[in-house]
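Shown next: data.cif, given as mmCIF, C-alpha atoms and all ligand atoms.
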data_start
loop_
_atom_site.label_atom_id
_atom_site.label_comp_id
_atom_site.auth_asym_id
_atom_site.auth_seq_id
_atom_site.Cartn_x
_atom_site.Cartn_y
_atom_site.Cartn_z
CA MET A 15 233.81 68.40 212.79
CA ARG A 16 234.90 65.00 211.63
CA LEU A 17 235.48 63.84 215.20
CA HIS A 18 232.04 65.07 216.09
CA PHE A 19 230.61 63.12 213.17
CA ILE A 20 232.50 59.98 214.19
CA GLY A 21 231.25 60.52 217.70
CA ILE A 22 227.69 60.49 216.45
CA ILE A 23 228.36 57.27 214.53
CA ILE A 24 229.94 55.64 217.56
CA ALA A 25 227.07 56.79 219.75
CA THR A 26 224.60 55.38 217.24
CA LEU A 27 226.43 52.08 216.98
CA THR A 28 226.69 51.89 220.76
CA LEU A 29 222.97 52.37 221.11
CA GLN A 30 222.35 49.67 218.56
CA ALA A 31 224.89 47.34 220.15
CA CYS A 32 223.29 47.75 223.55
CA GLY A 33 219.93 47.09 222.02
CA THR A 34 218.36 50.11 223.65
CA GLU A 35 215.34 50.08 221.41
CA THR A 36 212.95 52.79 222.37
CA THR A 37 210.07 51.75 224.55
CA THR A 38 207.10 53.99 224.10
CA ASN A 39 203.50 54.06 225.12
CA ASN A 40 202.46 55.02 221.64
CA ASN A 41 200.01 52.42 220.48
CA ASN A 42 200.40 53.15 216.81
CA SER A 43 203.82 54.65 216.44
CA SER A 44 204.54 52.99 213.16
CA SER A 45 201.92 54.37 210.89
CA ALA A 46 202.32 58.12 211.16
CA ASN A 47 205.19 58.48 208.72
CA ASN A 48 204.19 55.99 206.11
CA THR A 49 201.65 57.87 204.08
CA GLU A 50 203.46 57.10 200.85
CA ASN A 51 202.47 53.46 201.03
CA SER A 52 199.91 52.93 198.31
CA THR A 53 198.79 49.44 199.26
CA THR A 54 195.12 49.57 200.07
CA SER A 55 194.17 45.94 200.49
CA SER A 56 192.38 45.54 203.79
CA ILE A 57 193.55 43.17 206.48
CA ALA A 58 190.82 40.74 207.35
CA ASP A 59 189.23 40.78 210.77
CA ILE A 60 189.47 37.37 212.39
CA PRO A 61 186.16 36.53 214.05
CA PHE A 62 186.07 35.00 217.50
CA THR A 63 183.57 34.06 220.18
CA VAL A 64 184.15 34.19 223.94
CA ARG A 65 183.35 30.63 225.02
CA LYS A 66 184.43 30.70 228.68
CA ILE A 67 185.75 33.18 231.18
CA TYR A 68 188.13 32.13 233.94
CA PRO A 69 189.44 34.05 236.95
CA HIS A 70 192.86 35.67 236.57
CA ASP A 71 194.95 36.85 239.50
CA THR A 72 194.73 40.65 239.56
CA SER A 73 198.24 40.82 241.05
CA SER A 74 199.68 39.16 237.94
CA TYR A 75 201.27 41.69 235.60
CA THR A 76 201.08 39.24 232.71
CA GLN A 77 204.01 39.23 230.32
CA GLY A 78 203.99 35.69 228.99
CA LEU A 79 201.27 33.09 228.59
CA VAL A 80 201.40 29.47 227.42
CA TYR A 81 198.85 26.64 227.58
CA VAL A 82 200.37 23.41 228.97
CA ASP A 83 198.31 20.25 229.45
CA GLY A 84 195.27 21.89 231.00
CA LYS A 85 197.29 24.45 232.93
CA ILE A 86 198.55 27.90 232.14
CA LEU A 87 202.22 28.77 232.30
CA GLU A 88 202.47 32.44 233.10
CA GLY A 89 205.38 34.84 233.44
CA THR A 90 204.79 38.15 235.18
CA GLY A 91 206.69 41.40 235.38
CA ARG A 92 207.55 44.42 237.54
CA ASN A 93 210.52 44.52 239.85
CA GLY A 94 209.73 42.74 243.09
CA PHE A 95 206.66 41.05 241.67
CA SER A 96 208.05 39.04 238.75
CA LYS A 97 207.22 35.35 238.77
CA LEU A 98 207.21 32.23 236.69
CA MET A 99 204.35 29.94 237.54
CA TYR A 100 201.90 27.29 236.53
CA THR A 101 198.33 28.25 237.28
CA SER A 102 195.09 26.35 237.30
CA LEU A 103 192.93 27.39 234.40
CA GLN A 104 189.78 26.84 236.45
CA ASP A 105 190.52 29.11 239.41
CA GLY A 106 193.55 31.10 238.26
CA LYS A 107 195.58 30.12 241.32
CA SER A 108 199.21 29.12 241.03
CA THR A 109 200.09 25.48 241.57
CA ARG A 110 203.86 26.00 241.34
CA SER A 111 205.63 29.32 241.38
CA ILE A 112 209.04 30.90 241.67
CA SER A 113 209.84 34.56 242.22
CA LEU A 114 212.54 36.44 240.39
CA PRO A 115 215.02 38.52 242.40
CA TYR A 116 214.03 42.18 242.76
CA ALA A 117 216.55 43.27 240.13
CA TYR A 118 214.71 41.39 237.41
CA PHE A 119 211.59 42.42 235.50
CA GLY A 120 210.17 39.26 233.95
CA GLU A 121 208.81 39.21 230.41
CA GLY A 122 207.74 36.67 227.79
CA VAL A 123 207.87 32.92 228.33
CA ALA A 124 207.95 29.89 226.05
CA LEU A 125 208.17 26.14 226.63
CA LEU A 126 210.22 24.17 224.13
CA ASN A 127 211.59 20.62 224.47
CA GLY A 128 211.11 20.46 228.22
CA LYS A 129 212.68 23.83 228.91
CA ILE A 130 211.03 27.11 229.81
CA TYR A 131 212.62 30.30 228.52
CA GLN A 132 211.84 33.57 230.27
CA LEU A 133 212.88 36.95 228.97
CA THR A 134 213.67 39.92 231.15
CA TRP A 135 212.72 43.44 230.10
CA GLN A 136 215.90 45.50 230.41
CA ASN A 137 218.26 43.12 232.20
CA ASN A 138 219.63 41.67 228.92
CA GLU A 139 219.31 38.19 230.42
CA VAL A 140 217.18 35.20 229.51
CA PHE A 141 216.54 32.45 232.04
CA VAL A 142 216.16 28.78 231.15
CA TYR A 143 214.32 26.43 233.50
CA ASP A 144 213.44 22.76 233.73
CA ALA A 145 209.75 22.76 232.81
CA ASN A 146 208.99 20.03 235.35
CA ASN A 147 210.23 21.71 238.49
CA LEU A 148 211.07 25.32 237.50
CA GLN A 149 214.70 24.80 238.50
CA LYS A 150 216.91 27.31 236.74
CA LEU A 151 219.31 25.62 234.35
CA GLN A 152 221.03 28.38 232.45
CA THR A 153 221.19 32.08 231.67
CA PHE A 154 221.73 33.58 228.22
CA GLU A 155 222.65 37.13 227.35
CA TRP A 156 220.28 39.05 225.08
CA PRO A 157 221.27 42.36 223.46
CA TYR A 158 217.84 43.98 223.29
CA GLU A 159 214.92 44.56 225.55
CA GLY A 160 212.87 41.43 226.09
CA TRP A 161 209.14 41.64 225.42
CA GLY A 162 207.33 38.65 223.88
CA LEU A 163 208.44 35.06 223.36
CA THR A 164 207.15 31.99 221.56
CA HIS A 165 208.54 29.22 219.34
CA ASP A 166 207.80 27.56 216.03
CA GLY A 167 208.70 24.08 217.24
CA LYS A 168 212.34 24.56 216.39
CA ASN A 169 213.45 28.10 217.12
CA LEU A 170 212.45 30.73 219.64
CA ILE A 171 210.77 33.88 218.36
CA ILE A 172 211.35 37.08 220.32
CA SER A 173 209.82 40.53 220.22
CA THR A 174 211.55 43.55 221.69
CA GLY A 175 208.90 46.26 221.55
CA SER A 176 210.00 47.22 218.07
CA SER A 177 208.48 45.91 214.84
CA ASN A 178 211.04 43.09 214.66
CA LEU A 179 210.63 39.39 215.30
CA TYR A 180 213.95 37.69 216.10
CA PHE A 181 214.31 33.98 215.36
CA VAL A 182 216.78 32.50 217.83
CA GLU A 183 218.48 29.12 218.10
CA PRO A 184 217.48 27.82 221.56
CA SER A 185 220.72 26.09 222.58
CA SER A 186 223.06 28.95 221.67
CA PHE A 187 220.71 31.93 221.63
CA LYS A 188 222.22 32.93 218.32
CA ILE A 189 219.97 35.17 216.20
CA LEU A 190 219.26 33.25 212.99
CA LYS A 191 217.13 35.83 211.24
CA THR A 192 215.14 38.99 211.84
CA VAL A 193 211.76 39.65 210.29
CA GLY A 194 210.10 43.06 210.35
CA VAL A 195 206.35 43.12 210.93
CA THR A 196 204.48 45.31 208.45
CA ASP A 197 200.93 46.14 207.56
CA ASN A 198 199.53 48.35 204.83
CA ASN A 199 200.96 51.42 206.53
CA GLY A 200 204.48 50.09 207.00
CA PRO A 201 206.22 48.76 210.13
CA VAL A 202 204.04 47.76 213.06
CA GLY A 203 205.76 48.73 216.29
CA ASN A 204 205.32 47.75 219.93
CA ILE A 205 204.94 44.07 219.07
CA ASN A 206 204.54 42.37 222.44
CA GLU A 207 203.28 38.97 223.66
CA LEU A 208 203.40 36.20 221.07
CA GLU A 209 201.92 32.82 220.26
CA TYR A 210 202.82 30.64 217.29
CA ILE A 211 199.62 29.02 215.99
CA HIS A 212 199.47 26.73 212.96
CA GLY A 213 202.22 28.42 211.00
CA HIS A 214 201.52 32.02 211.96
CA VAL A 215 202.70 34.29 214.74
CA TYR A 216 199.91 35.91 216.70
CA ALA A 217 201.03 39.04 218.52
CA ASN A 218 199.34 41.64 220.62
CA GLN A 219 200.51 45.21 220.26
CA TYR A 220 201.37 47.09 223.42
CA GLY A 221 198.73 49.67 224.28
CA ALA A 222 196.28 48.45 221.68
CA ASN A 223 193.49 45.93 221.94
CA ILE A 224 194.57 44.22 218.76
CA ILE A 225 196.05 40.79 218.13
CA TYR A 226 197.82 40.57 214.79
CA LYS A 227 198.19 37.40 212.74
CA ILE A 228 201.60 37.57 211.09
CA ASP A 229 203.21 35.57 208.30
CA PRO A 230 206.53 34.60 209.94
CA THR A 231 208.37 34.48 206.63
CA SER A 232 207.44 37.86 205.21
CA GLY A 233 206.43 39.63 208.41
CA ARG A 234 203.21 40.74 206.75
CA VAL A 235 200.13 41.12 208.90
CA VAL A 236 197.51 38.88 207.30
CA GLY A 237 194.71 39.23 209.82
CA LYS A 238 193.77 40.91 213.06
CA MET A 239 191.50 40.40 216.03
CA ASP A 240 189.96 43.42 217.68
CA LEU A 241 189.48 42.80 221.40
CA THR A 242 188.37 46.33 222.23
CA GLY A 243 186.03 46.29 225.21
CA ILE A 244 186.28 42.55 225.81
CA ARG A 245 186.14 43.05 229.58
CA GLU A 246 183.31 45.58 229.46
CA LYS A 247 181.24 43.46 227.09
CA ASN A 248 181.58 40.49 229.43
CA SER A 249 180.92 42.38 232.67
CA ILE A 250 184.43 41.87 233.97
CA PRO A 251 185.50 44.51 236.51
CA TYR A 252 188.11 46.90 235.19
CA ASN A 253 189.61 50.27 235.97
CA PRO A 254 188.81 52.96 233.40
CA ASN A 255 192.39 54.18 233.87
CA ASP A 256 193.91 50.79 233.05
CA GLU A 257 195.08 51.81 229.60
CA MET A 258 196.71 54.96 230.93
CA MET A 259 198.44 52.90 233.62
CA GLY A 260 199.61 50.26 231.16
CA ASN A 261 197.36 47.49 232.45
CA VAL A 262 196.60 46.39 228.94
CA LEU A 263 195.88 43.31 226.89
CA ASN A 264 198.99 41.13 227.04
CA GLY A 265 198.92 37.37 226.87
CA ILE A 266 198.04 34.83 224.22
CA ALA A 267 198.05 31.08 224.75
CA TYR A 268 196.68 28.32 222.54
CA ASP A 269 195.46 24.80 223.07
CA SER A 270 195.99 22.97 219.80
CA ALA A 271 193.79 20.04 220.91
CA THR A 272 190.67 22.16 221.35
CA GLN A 273 191.83 24.95 219.02
CA ARG A 274 190.88 27.49 221.67
CA MET A 275 192.85 30.63 222.38
CA TYR A 276 193.34 32.08 225.86
CA VAL A 277 193.92 35.79 226.33
CA THR A 278 194.32 38.06 229.32
CA GLY A 279 196.03 41.30 230.29
CA LYS A 280 198.21 42.93 232.90
CA LEU A 281 196.40 42.79 236.26
CA TRP A 282 193.17 41.77 234.51
CA ALA A 283 190.54 39.94 236.53
CA ALA A 284 189.72 37.46 233.79
CA MET A 285 191.18 35.12 231.23
CA PHE A 286 189.08 34.64 228.11
CA GLU A 287 188.76 31.41 226.16
CA LEU A 288 188.19 32.31 222.53
CA GLU A 289 186.96 30.15 219.71
CA ASN A 290 187.19 30.65 216.00
CA GLU A 291 185.03 28.40 213.85
CA LYS A 292 188.04 27.60 211.69
CA GLY A 293 190.36 27.11 214.65
CA PHE A 294 192.56 30.19 214.21
CA ARG A 295 194.28 28.68 211.20
CA CA B 301 202.17 33.26 224.45
#
Same coordinates, now as structure tokens:
Amino acid sequence: MRLHFIGIIIATLTLQACGTETTTNNNNSSSANNTENSTTSSIADIPFTVRKIYPHDTSSYTQGLVYVDGKILEGTGRNGFSKLMYTSLQDGKSTRSISLPYAYFGEGVALLNGKIYQLTWQNNEVFVYDANNLQKLQTFEWPYEGWGLTHDGKNLIISTGSSNLYFVEPSSFKILKTVGVTDNNGPVGNINELEYIHGHVYANQYGANIIYKIDPTSGRVVGKMDLTGIREKNSIPYNPNDEMMGNVLNGIAYDSATQRMYVTGKLWAAMFELENEKGFR
């Protein structure tokens, strides 16, 4: 009996140590069991306007998106199709690209101090590249799944498909702190692609058409953008089965000079330039 109990503990610890956080397709897994939460304050909708629409390569299973000097840095996923590339914003075509070996499923990307970091989904590896030429410089180990990636100017911020944001020291990949994302119903799971904008983390939630604005200190959701139907409303071709097939909203980039946000999704035909009158602050 005791051995069995210890076995359960060891199995639990092993699962935690390996970082095998459950990946689900549930787009609101966090709220079902949190009915005791009595907080009723509403989370403000963040208004936005679609200012421009650009082509996006429908073979790009977008997992990471960053705006860099008029170009888009994009990381894509799926084994055999994963890439890291710079693309032209105007036509969506890549201007420099590398392919990941078949074994790797690329995930979130971030550019910090001249280096690009690229997560992998379940390979427990993070690649570091020279941002100028996409030459690989280094590989770090990562104990969890890799989903979204951004930075606050100093540290990397990683999502793993859970409700956690991990703050990581870029030169050592040491986890400095972990912040749980919560809304009025409790933890918010399936946190995916990220973008740090003026002191907040913006994150889209896997399977949902929502971008959350998150206080990086408390983890509290302080605002949200509802992008439901953004392709339909703008006459962008889409497959009605996209959500079922996982071809969902995933990708947030931001140009601080123009204060415009760029969003796209996995295999989407368009990238949307969004404006908020207050600049997404
Ligand atoms: Ca991003």
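Non-sequential neighbours of region 267-278 of chain A (distance at most 8 Å, separation of 6 or more positions within a chain, only C-alpha atoms) are His70, Thr76, Leu79, Val80, Tyr81, Val82, Glu209, Ile211, Ala284, Met285, Phe286, Glu287, Leu288, Glu289, Asn290, Gly293 and Phe294 of chain A.
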| task | Collect all residues with atoms no farther than 10 Å from ligand CA 301 (chain B), counting only C-alpha atoms and all ligand atoms, and output them as a PyMOL selection string. | result | chain A and resi 77-81+87-89+122-125+162-165+206-211+215-218+264-268+275-277
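Minimum distance to Tyr75 (chain A) across A:Gly213, A:Gly120, A:Pro61, A:Gly106 (counting all atoms listed in the file) occurs at A:Gly120.
Proximity ranking of A:Ile67, A:Leu133, A:Ile205, A:Ile60 relative to Ser96 (chain A) places A:Leu133 first, based on all atoms listed in the file.
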Per residue of region 178-209 of chain A within 7 Å of region 227-247 of chain A, record the nearest atom pair and its distance in Å to one decimal, counting all atoms listed in the file, with rows in chain order and ascending residue number, as a Markdown table.
| residue | atom | partner | partner_atom | distance |
| --- | --- | --- | --- | --- |
| A:Val193 | CA | A:Gly233 | CA | 5.7 |
| A:Gly194 | CA | A:Gly233 | CA | 5.4 |
| A:Val195 | CA | A:Gly233 | CA | 4.3 |
| A:Thr196 | CA | A:Arg234 | CA | 5.0 |
| A:Asp197 | CA | A:Val235 | CA | 5.3 |
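Distance annotation: of A:Ala58, A:Val140, A:Leu126, A:Val262, the residue with the minimal separation from Pro157 (chain A) is A:Val140; atom set is all atoms listed in the file.
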Using only the atoms of region 190-196 of chain A listed in the file, plus 5 Å on each side, state the axis-aligned box centre and edge lengths in Å rounded to one decimal, as JSON.
{"center_x": 211.9, "center_y": 39.3, "center_z": 210.7, "size_x": 24.8, "size_y": 22.1, "size_z": 14.5}
